[in-house]
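Asker: Okay, so here is my_file-v4.cif, and as you'll see once you scroll down, it has mmCIF, C-alpha atoms.
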data_coords
loop_
_atom_site.label_atom_id
_atom_site.label_comp_id
_atom_site.auth_asym_id
_atom_site.auth_seq_id
_atom_site.Cartn_x
_atom_site.Cartn_y
_atom_site.Cartn_z
CA MET A 1491 -27.30 -10.99 -19.51
CA LYS A 1492 -25.71 -14.41 -19.85
CA ILE A 1493 -24.06 -15.94 -16.82
CA ASN A 1494 -20.68 -16.27 -18.51
CA GLN A 1495 -20.75 -12.58 -19.38
CA VAL A 1496 -21.33 -11.69 -15.73
CA MET A 1497 -18.45 -13.96 -14.79
CA ASP A 1498 -16.30 -12.31 -17.41
CA ILE A 1499 -16.92 -8.85 -15.94
CA ALA A 1500 -16.35 -10.08 -12.41
CA ILE A 1501 -13.12 -11.88 -13.22
CA LYS A 1502 -11.79 -8.94 -15.17
CA ALA A 1503 -12.46 -6.54 -12.30
CA GLY A 1504 -10.93 -9.01 -9.86
CA LYS A 1505 -7.88 -9.44 -12.03
CA ILE A 1506 -7.21 -5.70 -12.18
CA LEU A 1507 -7.55 -5.41 -8.42
CA LEU A 1508 -5.26 -8.35 -7.70
CA ALA A 1509 -2.62 -7.38 -10.27
CA ASN A 1510 -2.38 -3.88 -8.84
CA GLY A 1511 -1.83 -4.73 -5.22
CA SER A 1512 -5.26 -4.78 -3.62
CA GLU A 1513 -6.13 -6.68 -0.44
CA ILE A 1514 -7.55 -10.15 -1.02
CA TYR A 1515 -10.81 -9.54 0.82
CA ARG A 1516 -11.48 -6.55 -1.45
CA VAL A 1517 -11.14 -8.77 -4.54
CA GLU A 1518 -13.56 -11.35 -3.14
CA ASP A 1519 -15.92 -8.60 -2.05
CA THR A 1520 -15.90 -6.93 -5.46
CA ILE A 1521 -16.45 -10.16 -7.38
CA GLY A 1522 -19.34 -11.09 -5.10
CA ARG A 1523 -20.85 -7.64 -5.42
CA ILE A 1524 -20.68 -7.57 -9.22
CA CYS A 1525 -22.25 -11.03 -9.52
CA ARG A 1526 -24.99 -10.16 -7.05
CA SER A 1527 -25.90 -6.95 -8.88
CA TYR A 1528 -26.66 -9.06 -11.98
CA GLY A 1529 -28.65 -11.50 -9.88
CA VAL A 1530 -26.05 -14.27 -10.07
CA GLU A 1531 -25.04 -16.13 -6.93
CA ALA A 1532 -21.30 -16.82 -7.09
CA GLU A 1533 -18.85 -18.57 -4.81
CA CYS A 1534 -15.37 -17.20 -5.15
CA PHE A 1535 -12.03 -17.94 -3.61
CA VAL A 1536 -9.04 -15.69 -4.18
CA LEU A 1537 -5.39 -16.33 -3.49
CA PRO A 1538 -2.67 -13.74 -4.05
CA THR A 1539 -1.77 -15.50 -7.30
CA SER A 1540 -5.12 -16.70 -8.62
CA ILE A 1541 -8.88 -16.24 -8.70
CA PHE A 1542 -11.42 -19.09 -8.64
CA ILE A 1543 -15.12 -18.48 -9.28
CA THR A 1544 -17.91 -21.01 -9.45
CA VAL A 1545 -21.50 -20.16 -10.41
CA ILE A 1546 -24.50 -22.47 -10.57
CA GLY A 1547 -26.12 -22.04 -14.00
CA LYS A 1548 -29.83 -21.91 -14.88
CA GLU A 1549 -30.16 -25.68 -15.25
CA GLY A 1550 -28.19 -26.41 -12.13
CA GLU A 1551 -24.92 -27.01 -13.92
CA PRO A 1552 -21.83 -25.61 -12.22
CA LEU A 1553 -19.75 -23.15 -14.22
CA SER A 1554 -16.27 -22.44 -13.02
CA TYR A 1555 -13.48 -20.10 -13.96
CA VAL A 1556 -9.85 -20.01 -12.82
CA LYS A 1557 -7.56 -17.08 -13.51
CA ARG A 1558 -3.81 -17.01 -12.78
CA ILE A 1559 -2.21 -13.66 -12.00
CA SER A 1560 1.46 -13.74 -12.83
CA GLU A 1561 2.52 -10.11 -12.69
CA ARG A 1562 1.77 -7.93 -9.73
CA THR A 1563 2.61 -4.27 -9.29
CA VAL A 1564 1.18 -1.48 -7.18
CA ASN A 1565 -1.14 1.05 -8.75
CA LEU A 1566 -3.47 2.57 -6.18
CA SER A 1567 -5.27 4.65 -8.78
CA ARG A 1568 -6.54 1.57 -10.65
CA ILE A 1569 -7.75 0.00 -7.41
CA GLU A 1570 -9.70 3.14 -6.63
CA MET A 1571 -11.30 3.14 -10.07
CA VAL A 1572 -12.35 -0.52 -9.93
CA ASN A 1573 -13.71 0.12 -6.46
CA SER A 1574 -15.97 2.92 -7.66
CA PHE A 1575 -16.83 0.89 -10.79
CA SER A 1576 -18.17 -1.96 -8.66
CA ARG A 1577 -20.18 0.46 -6.56
CA SER A 1578 -21.72 2.10 -9.60
CA ILE A 1579 -22.56 -1.28 -11.11
CA GLN A 1580 -24.37 -2.15 -7.90
CA GLU A 1581 -26.55 0.92 -8.23
CA ASN A 1582 -27.35 0.56 -11.93
CA PRO A 1583 -26.13 -2.60 -13.68
CA MET A 1584 -24.70 -1.56 -17.05
CA SER A 1585 -24.60 -3.62 -20.22
CA TYR A 1586 -21.85 -6.16 -20.86
CA GLU A 1587 -20.14 -4.10 -23.57
CA GLU A 1588 -20.20 -0.96 -21.49
CA ALA A 1589 -18.78 -2.71 -18.42
CA ILE A 1590 -15.98 -4.39 -20.36
CA LYS A 1591 -15.16 -1.10 -22.04
CA THR A 1592 -14.90 0.68 -18.68
CA LEU A 1593 -12.68 -2.06 -17.27
CA GLU A 1594 -10.45 -2.00 -20.32
CA LYS A 1595 -10.09 1.74 -19.94
CA ILE A 1596 -9.07 1.28 -16.31
CA GLU A 1597 -6.59 -1.41 -17.27
CA GLY A 1598 -5.12 0.81 -19.97
CA GLU A 1599 -4.56 3.66 -17.51
CA LYS A 1600 -0.87 4.48 -17.68
CA ASP A 1601 1.52 4.54 -14.73
CA TYR A 1602 3.33 7.78 -14.09
CA LYS A 1603 6.24 8.31 -16.46
CA PHE A 1604 9.48 6.61 -15.48
CA GLY A 1605 11.30 9.93 -15.22
CA LEU A 1606 8.81 11.30 -12.71
CA ARG A 1607 8.85 8.12 -10.61
CA LEU A 1608 12.63 8.23 -10.64
CA LEU A 1609 12.71 11.84 -9.48
CA VAL A 1610 10.15 11.07 -6.81
CA ALA A 1611 12.21 8.12 -5.55
CA GLY A 1612 15.13 10.51 -5.17
CA ILE A 1613 13.04 13.11 -3.37
CA THR A 1614 11.68 10.44 -1.02
CA ALA A 1615 15.22 9.47 -0.02
CA PHE A 1616 16.13 13.15 0.32
CA ALA A 1617 13.17 13.93 2.55
CA TYR A 1618 13.70 10.89 4.77
CA THR A 1619 17.36 11.75 5.31
CA LEU A 1620 16.40 15.17 6.63
CA LEU A 1621 13.55 13.63 8.62
CA PHE A 1622 16.01 11.25 10.29
CA LYS A 1623 18.08 14.30 11.25
CA GLY A 1624 20.75 13.97 8.57
CA THR A 1625 22.56 16.93 7.07
CA VAL A 1626 21.82 18.41 3.65
CA GLN A 1627 25.01 16.81 2.28
CA ASP A 1628 23.76 13.39 3.45
CA ALA A 1629 20.43 14.11 1.83
CA ILE A 1630 21.97 14.96 -1.53
CA VAL A 1631 23.92 11.71 -1.58
CA ALA A 1632 20.79 9.81 -0.54
CA PHE A 1633 18.90 11.52 -3.36
CA LEU A 1634 21.36 10.15 -5.93
CA ILE A 1635 21.50 6.68 -4.38
CA GLY A 1636 17.72 6.57 -4.10
CA MET A 1637 17.40 7.19 -7.83
CA LEU A 1638 20.07 4.60 -8.59
CA ILE A 1639 18.27 2.02 -6.47
CA TYR A 1640 14.99 2.72 -8.20
CA ILE A 1641 16.59 2.21 -11.63
CA SER A 1642 18.23 -1.04 -10.54
CA LYS A 1643 15.03 -2.31 -8.96
CA GLU A 1644 12.97 -1.63 -12.08
CA LYS A 1645 15.55 -3.02 -14.47
CA VAL A 1646 16.37 -6.16 -12.48
CA SER A 1647 12.72 -6.96 -11.88
CA ARG A 1648 12.16 -6.69 -15.64
CA ILE A 1649 14.90 -9.23 -16.31
CA GLY A 1650 13.04 -11.41 -13.84
CA VAL A 1651 15.76 -13.58 -12.32
CA PHE A 1652 13.71 -14.48 -9.31
CA LYS A 1653 11.25 -12.66 -7.13
CA PHE A 1654 13.46 -11.16 -4.44
CA PHE A 1655 16.68 -10.78 -6.38
CA GLU A 1656 16.02 -7.14 -7.23
CA TYR A 1657 15.80 -6.31 -3.53
CA PHE A 1658 19.07 -8.06 -2.81
CA VAL A 1659 20.82 -6.21 -5.65
CA SER A 1660 19.33 -2.88 -4.53
CA GLY A 1661 20.60 -3.50 -1.00
CA LEU A 1662 24.05 -4.26 -2.39
CA ILE A 1663 24.04 -1.08 -4.46
CA ALA A 1664 22.74 1.13 -1.64
CA ALA A 1665 25.39 -0.07 0.78
CA SER A 1666 28.32 -0.06 -1.65
CA MET A 1667 27.50 3.40 -2.97
CA SER A 1668 27.17 4.74 0.57
CA VAL A 1669 30.49 3.17 1.56
CA ILE A 1670 32.19 4.76 -1.45
CA ALA A 1671 30.55 8.13 -0.74
CA VAL A 1672 31.69 8.06 2.88
CA LYS A 1673 35.20 7.05 1.85
CA LEU A 1674 35.37 10.05 -0.50
CA PHE A 1675 33.68 12.52 1.85
CA PRO A 1676 34.33 11.43 5.45
CA PHE A 1677 31.94 14.02 6.92
CA LEU A 1678 28.94 12.06 5.61
CA ASN A 1679 26.92 9.83 7.87
CA ILE A 1680 26.71 6.34 6.39
CA TYR A 1681 23.77 4.94 8.30
CA ARG A 1682 21.43 7.85 7.58
CA ILE A 1683 22.17 7.57 3.87
CA ILE A 1684 21.55 3.84 3.76
CA ILE A 1685 18.36 3.93 5.82
CA SER A 1686 16.82 6.71 3.79
CA SER A 1687 17.72 5.32 0.40
CA ILE A 1688 16.38 1.82 1.13
CA MET A 1689 13.13 3.37 2.38
CA ILE A 1690 11.62 3.02 -1.11
CA LEU A 1691 12.22 -0.75 -1.02
CA LEU A 1692 10.29 -1.40 2.18
CA PRO A 1693 7.29 -3.73 1.78
CA GLY A 1694 4.62 -1.31 2.95
CA VAL A 1695 1.91 -2.66 0.66
CA SER A 1696 2.24 -6.35 1.45
CA THR A 1697 2.44 -5.68 5.20
CA THR A 1698 -0.61 -3.43 5.34
CA ASN A 1699 -2.63 -5.73 3.10
CA ALA A 1700 -1.64 -8.76 5.13
CA LEU A 1701 -2.94 -7.07 8.27
CA LYS A 1702 -6.25 -6.15 6.66
CA ASP A 1703 -6.65 -9.69 5.31
CA ALA A 1704 -5.97 -11.14 8.74
CA LEU A 1705 -8.68 -8.91 10.13
CA HIS A 1706 -11.14 -10.31 7.60
CA GLY A 1707 -10.21 -13.86 8.55
CA ASP A 1708 -8.23 -14.53 5.40
CA ILE A 1709 -5.30 -16.15 7.17
CA VAL A 1710 -3.80 -17.86 4.11
CA SER A 1711 -3.44 -14.62 2.16
CA SER A 1712 -2.29 -12.84 5.28
CA GLN A 1713 0.50 -15.38 5.74
CA PHE A 1714 1.48 -14.87 2.13
CA GLY A 1715 1.77 -11.11 2.62
CA ILE A 1716 3.74 -11.37 5.85
CA THR A 1717 6.12 -13.91 4.33
CA GLU A 1718 6.59 -11.70 1.28
CA ALA A 1719 7.37 -8.74 3.53
CA ILE A 1720 9.88 -10.72 5.59
CA PHE A 1721 11.61 -12.05 2.48
CA THR A 1722 11.84 -8.54 1.06
CA VAL A 1723 13.35 -7.05 4.21
CA VAL A 1724 15.74 -9.97 4.61
CA SER A 1725 16.86 -9.67 0.96
CA VAL A 1726 17.57 -5.97 1.31
CA THR A 1727 19.36 -6.30 4.63
CA ALA A 1728 21.36 -9.28 3.39
CA GLY A 1729 22.64 -7.14 0.54
CA VAL A 1730 23.46 -4.32 2.92
CA ALA A 1731 25.08 -6.63 5.49
CA ILE A 1732 27.40 -8.26 2.96
CA ILE A 1733 28.75 -4.91 1.80
CA LEU A 1734 28.99 -3.53 5.33
CA SER A 1735 30.97 -6.48 6.65
CA LEU A 1736 33.47 -5.93 3.84
CA GLY A 1737 33.31 -2.15 3.70
CA LEU A 1738 33.20 -0.94 7.32
CA GLY A 1739 36.81 -1.96 7.89
CA TRP A 1740 37.87 -0.29 4.66
CA ILE A 1741 36.40 3.07 5.68
CA MET B 413 9.66 25.59 16.16
CA ASP B 414 11.10 26.25 12.72
CA LEU B 415 12.74 22.88 12.76
CA VAL B 416 9.49 21.20 13.75
CA MET B 417 7.58 22.91 10.95
CA GLY B 418 10.30 21.81 8.56
CA GLU B 419 10.00 18.22 9.74
CA ILE B 420 6.25 18.26 9.32
CA PHE B 421 6.64 19.57 5.79
CA LEU B 422 9.24 16.88 5.03
CA ALA B 423 6.93 14.14 6.30
CA PHE B 424 4.23 15.52 4.01
CA ILE B 425 6.56 15.52 0.99
CA ALA B 426 7.91 12.05 1.77
CA SER B 427 4.44 10.50 1.93
CA LEU B 428 3.29 12.37 -1.14
CA CYS B 429 6.26 11.01 -3.07
CA THR B 430 5.57 7.49 -1.84
CA GLY B 431 2.03 7.99 -3.11
CA ILE B 432 3.29 9.00 -6.54
CA MET B 433 5.58 5.96 -6.64
CA TYR B 434 2.52 3.80 -6.06
CA ASN B 435 0.73 5.63 -8.90
CA GLU B 436 -1.88 7.37 -6.82
CA ARG B 437 -3.55 10.19 -8.75
CA LYS B 438 -6.74 11.67 -7.39
CA ASN B 439 -6.07 12.00 -3.67
CA LEU B 440 -2.39 12.89 -3.51
CA LEU B 441 -2.90 15.77 -1.09
CA CYS B 442 -4.76 13.56 1.39
CA VAL B 443 -2.01 10.96 1.07
CA GLY B 444 0.60 13.54 2.02
CA LEU B 445 -1.47 14.66 5.01
CA SER B 446 -1.67 11.08 6.23
CA GLY B 447 2.10 10.81 6.58
CA MET B 448 2.22 14.22 8.17
CA ILE B 449 -0.29 13.30 10.86
CA GLY B 450 1.52 10.05 11.62
CA TRP B 451 4.86 11.78 11.92
CA ILE B 452 3.57 14.62 14.15
CA THR B 453 2.07 12.09 16.57
CA TYR B 454 5.15 9.89 16.50
CA ALA B 455 7.67 12.72 16.96
CA TRP B 456 5.64 14.39 19.67
CA MET B 457 5.12 11.17 21.65
CA LEU B 458 8.77 10.20 21.25
CA GLU B 459 9.85 13.53 22.66
CA SER B 460 7.51 13.45 25.63
CA SER B 461 7.71 9.75 26.55
CA GLY B 462 10.96 8.51 24.98
CA ASN B 463 9.35 5.17 24.17
CA VAL B 464 9.86 4.32 20.49
CA ILE B 465 7.48 1.37 20.43
CA PHE B 466 4.59 3.19 22.05
CA SER B 467 5.16 6.23 19.83
CA SER B 468 5.06 4.04 16.71
CA PHE B 469 1.85 2.49 17.96
CA LEU B 470 0.18 5.83 18.55
CA GLY B 471 1.39 7.18 15.21
CA ALA B 472 -0.10 4.16 13.46
CA VAL B 473 -3.39 4.57 15.33
CA LEU B 474 -3.65 8.16 14.14
CA VAL B 475 -2.77 7.17 10.56
CA GLY B 476 -5.40 4.44 10.75
CA LEU B 477 -8.09 6.77 12.08
CA TYR B 478 -7.26 9.38 9.49
CA SER B 479 -7.20 6.99 6.54
CA GLU B 480 -10.40 5.16 7.50
CA SER B 481 -12.31 8.43 7.88
CA VAL B 482 -10.88 10.09 4.77
CA ALA B 483 -11.57 6.88 2.83
CA ARG B 484 -15.24 7.32 3.62
CA LEU B 485 -15.23 11.00 2.72
CA ARG B 486 -13.36 10.53 -0.56
CA LYS B 487 -14.98 7.15 -1.37
CA ALA B 488 -11.60 5.49 -1.90
CA PRO B 489 -10.09 2.38 -0.27
CA ALA B 490 -8.43 3.12 3.09
CA MET B 491 -5.22 1.43 1.98
CA VAL B 492 -4.56 4.32 -0.40
CA PHE B 493 -3.97 6.58 2.59
CA SER B 494 -2.62 4.18 5.19
CA ILE B 495 0.21 2.65 3.12
CA PRO B 496 2.12 5.88 2.37
CA GLY B 497 1.12 7.15 5.81
CA ILE B 498 2.95 4.53 7.85
CA PHE B 499 6.20 4.80 5.88
CA PRO B 500 7.72 7.52 8.10
CA LEU B 501 7.06 5.34 11.17
CA VAL B 502 8.96 2.31 9.89
CA PRO B 503 11.84 1.43 12.24
CA GLY B 504 14.56 1.89 9.62
CA ILE B 505 17.24 2.86 12.13
CA ALA B 506 16.70 -0.21 14.27
CA ILE B 507 16.74 -2.51 11.24
CA TYR B 508 19.93 -0.88 10.03
CA ASN B 509 21.64 -1.06 13.43
CA SER B 510 20.76 -4.71 13.71
CA THR B 511 22.23 -5.36 10.25
CA GLN B 512 25.38 -3.46 11.11
CA TYR B 513 25.87 -5.42 14.35
CA ILE B 514 25.50 -8.65 12.40
CA ALA B 515 28.14 -7.37 9.97
CA GLU B 516 30.39 -6.61 12.93
CA ASN B 517 29.66 -10.06 14.40
CA ASN B 518 28.20 -8.53 17.55
CA LEU B 519 25.23 -10.87 17.84
CA LEU B 520 24.05 -9.80 21.28
CA GLU B 521 23.53 -6.18 20.20
CA ALA B 522 22.09 -7.39 16.90
CA ALA B 523 19.43 -9.34 18.80
CA ASN B 524 18.76 -6.32 20.98
CA THR B 525 18.15 -3.91 18.13
CA GLY B 526 16.45 -6.60 16.06
CA ILE B 527 13.87 -7.10 18.79
CA GLU B 528 13.35 -3.35 18.91
CA ALA B 529 12.71 -3.31 15.14
CA ILE B 530 10.29 -6.24 15.32
CA SER B 531 8.42 -4.68 18.24
CA CYS B 532 8.08 -1.39 16.38
CA ALA B 533 6.75 -3.18 13.31
CA GLY B 534 4.35 -5.11 15.53
CA ALA B 535 3.22 -1.90 17.21
CA ILE B 536 2.49 -0.28 13.85
CA ALA B 537 0.61 -3.37 12.76
CA CYS B 538 -1.39 -3.36 15.98
CA GLY B 539 -2.28 0.31 15.58
CA ILE B 540 -3.55 -0.13 12.03
CA LEU B 541 -5.41 -3.33 12.94
CA MET B 542 -7.16 -1.81 15.93
CA THR B 543 -8.46 1.21 14.07
CA SER B 544 -9.71 -0.86 11.13
CA ALA B 545 -11.37 -3.23 13.58
CA VAL B 546 -13.19 -0.36 15.30
CA PHE B 547 -14.36 1.05 11.99
CA ARG B 548 -15.51 -2.38 10.90
CA ILE B 549 -17.57 -2.87 14.04
CA VAL B 550 -19.24 0.51 13.50
CA LYS B 551 -20.00 -0.39 9.88
CA LYS B 552 -21.45 -3.77 10.85
CA ARG B 553 -23.68 -2.17 13.48
CA ARG B 554 -24.99 0.26 10.90
CA THR B 555 -25.79 -2.36 8.29
CA GLN B 556 -27.48 -4.50 10.92
CA LYS B 557 -29.72 -1.60 11.95
CA SER B 558 -30.74 -0.75 8.40
#
Please express what this file holds, its structure, as structure tokens.
Answerer:
Amino acid sequence: MKINQVMDIAIKAGKILLANGSEIYRVEDTIGRICRSYGVEAECFVLPTSIFITVIGKEGEPLSYVKRISERTVNLSRIEMVNSFSRSIQENPMSYEEAIKTLEKIEGEKDYKFGLRLLVAGITAFAYTLLFKGTVQDAIVAFLIGMLIYISKEKVSRIGVFKFFEYFVSGLIAASMSVIAVKLFPFLNIYRIIISSIMILLPGVSTTNALKDALHGDIVSSQFGITEAIFTVVSVTAGVAIILSLGLGWI
Amino acid sequence: MDLVMGEIFLAFIASLCTGIMYNERKNLLCVGLSGMIGWITYAWMLESSGNVIFSSFLGAVLVGLYSESVARLRKAPAMVFSIPGIFPLVPGIAIYNSTQYIAENNLLEAANTGIEAISCAGAIACGILMTSAVFRIVKKRRTQKS
């Protein structure tokens, strides 16, 4: 197989991993593993927004490839599939066409339907309210607000104002809806509703990945993840705080 | 006891739903169990010791142990199990209280609860880090031997 074909497979696998919320060390590991299984020695450097690979060709000429990743979501299923793909390629290196076909199939794997994700966001808020010792009435309100937040988060992130705006807006919505609900039904408990409904916005992925990257000595990517997590939490709480400082007196 | 069983079930459902939101498909049941184990440890420790930070730490350690071992059994990345698993441990109440005190302009209390939230987050981080570190050492030993 030609060297640029190996690089193509490696970069495609790396791109899927990075765009779906994998840790950085896993991306570097996978790219290295794929190149090694085709007998190519590659040097790669991955940042949360881009992949750089350099390979020394047969005549000693350096070949290099840079890939920017602009959109990042979380899809654990795709990460799992690329992970097992790279392991299977290590055991028996498949042909270029076959490998690209497999990767394209993984990339084309659909997310769950929006309706299901919406329902699940509501159920998450519902379950957390009861877990935090709220009443069933609290939980029902949290269920509705949780769904509303999920819609706003998805829609606002699609408009793409700037990275953390959707979290700010979701915080605003969560707090204002809870304030209105408590004003209408004074027996509700405002803080349980807010906590449980913003649960779906918490930056679990970036925090956990940042920790794992730190453990592998990837301090730059780890800093990126931690900063992202802090910005997310601050955006959400800023939204909540603004509404609360206006709304608590009103209730 | 009924209440406890209910809570355990809720923790399972909550983690499972988080898993679905992150588009996990194959190992959803194991993902739910991860959150359940974390919550049982956390709730039990909190009841017997009353220390939120230590309970969060221990909960995270258990989630870490569980996800690293299940990851090896199911041949999936450990993050698949640990991310939804630590969600129930997140110090949401402390973060909220801190925000509310800021809204009420009570900065002293805000700092108080804010530090509690940060310590809890740090404890969770520490728990996950320690377990992955232990598993990594074991793995390195094994590859060195072979």
Asker: Return as a ChimeraX atom specification the set of residues that the PyMOL selection byres ((chain A) within 7 of (chain B)) yields on the displayed structure.
Answerer: /A:1564-1567,1570,1601-1602,1607,1610,1614,1617-1618,1621,1685,1694-1695,1698,1701-1702,1727,1731,1734-1735
Asker: Considering all atoms listed in the file, return as a list in words whatever protein or nucleic-acid residues lie within 8 Å of Cys1525 (chain A), sequence-local ones (same chain, fewer than 6 positions apart) excluded.
Answerer: Val1496, Met1497, Ala1500, Glu1531 and Ala1532 of chain A
Asker: Please compute the CA of Ile1684 (chain A)-CA of Gly1661 (chain A) distance, one decimal, in Å.
Answerer: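 Between CA of Ile1684 (chain A) and CA of Gly1661 (chain A) the gap works out to 8.8 Å.
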Asker: Any idea what the distance is between CA of Trp456 (chain B) and CA of Leu1678 (chain A)?
Answerer: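 Computing it gives 27.3 Å between the two atoms.
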Asker: Run the PyMOL selection byres ((chain A and resi 1581) around 12) against the file shown and list the residues it catches, as a list in words.
Answerer: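 Matching residues under the PyMOL selection byres ((chain A and resi 1581) around 12) are Arg1523, Ile1524, Arg1526, Ser1527, Tyr1528, Ser1574, Phe1575, Ser1576, Arg1577, Ser1578, Ile1579, Gln1580, Asn1582, Pro1583 and Met1584 of chain A.
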Asker: Evaluated on this file, the PyMOL selection byres ((chain A and resi 1542) around 12) picks out some residues - which ones are they, written as JSON, numbers by chain?
Answerer: {"A": [1497, 1500, 1501, 1504, 1505, 1517, 1518, 1521, 1522, 1532, 1533, 1534, 1535, 1536, 1537, 1538, 1539, 1540, 1541, 1543, 1544, 1545, 1553, 1554, 1555, 1556, 1557, 1558, 1559]}
Asker: Hey, which of B:Tyr478, B:Met417, B:Leu501, B:Val473 ends up closest to Leu458 (chain B)? Count only C-alpha atoms.
Answerer: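 Checking each candidate against Leu458 (chain B), we get B:Leu501 as the closest.
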Asker: One number please: CA of Thr1592 (chain A) to CA of Ile1499 (chain A), in Å, one decimal.
Answerer: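 Pair CA of Thr1592 (chain A) / CA of Ile1499 (chain A) returns 10.1 Å.
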Asker: So which residues touch Phe1655 (chain A) within 8 Å, counting only C-alpha atoms, skipping near sequence neighbours fewer than 4 positions away, as a list in words?
Answerer: Val1646, Ser1647, Val1651, Val1659 and Ser1725 of chain A
Asker: Within 10 Å of Ala1719 (chain A), counting all atoms listed in the file, which residues show up once you throw out same-chain ones fewer than 2 positions away? Write them as a list in words, please.
Answerer: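 Contacts, with the query itself left out: Leu1692, Pro1693, Gly1694, Val1695, Ser1696, Thr1697, Thr1698, Ala1700, Gln1713, Phe1714, Gly1715, Ile1716, Thr1717, Phe1721, Thr1722, Val1723, Val1724 and Ser1725 of chain A.
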Asker: Using only C-alpha atoms, find the one residue out of A:Thr1520, A:Asn1699, A:Ser1560, A:Asn1510 that sits nearest to Ser1711 (chain A).
Answerer: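 Of A:Thr1520, A:Asn1699, A:Ser1560, A:Asn1510, the one nearest Ser1711 (chain A), counting only C-alpha atoms, is A:Asn1699.
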Asker: Given only C-alpha atoms as the basis, pick out the residue of A:Val1530, A:Ile1639, A:Ile1596, A:Ile1514 nearest to Lys1492 (chain A).
Answerer: A:Val1530
Asker: Would you save region 477-492 of chain B from the block above with C-alpha atoms, as a PDB file, in the first residue's frame?
Answerer:
ATOM      1  CA  LEU B 477     -12.660   0.784  39.009  1.00  0.00           C
ATOM      2  CA  TYR B 478     -15.898  -0.394  37.474  1.00  0.00           C
ATOM      3  CA  SER B 479     -15.415   1.367  34.151  1.00  0.00           C
ATOM      4  CA  GLU B 480     -11.781   0.332  33.719  1.00  0.00           C
ATOM      5  CA  SER B 481     -12.593  -3.319  34.383  1.00  0.00           C
ATOM      6  CA  VAL B 482     -15.771  -3.400  32.298  1.00  0.00           C
ATOM      7  CA  ALA B 483     -13.898  -1.624  29.497  1.00  0.00           C
ATOM      8  CA  ARG B 484     -11.527  -4.566  29.358  1.00  0.00           C
ATOM      9  CA  LEU B 485     -14.332  -7.111  29.449  1.00  0.00           C
ATOM     10  CA  ARG B 486     -16.433  -5.394  26.782  1.00  0.00           C
ATOM     11  CA  LYS B 487     -13.426  -4.176  24.743  1.00  0.00           C
ATOM     12  CA  ALA B 488     -14.685  -0.591  24.747  1.00  0.00           C
ATOM     13  CA  PRO B 489     -12.974   2.632  25.882  1.00  0.00           C
ATOM     14  CA  ALA B 490     -13.304   3.245  29.631  1.00  0.00           C
ATOM     15  CA  MET B 491     -14.651   6.747  29.043  1.00  0.00           C
ATOM     16  CA  VAL B 492     -17.892   5.244  27.733  1.00  0.00           C
TER      17      VAL B 492
END
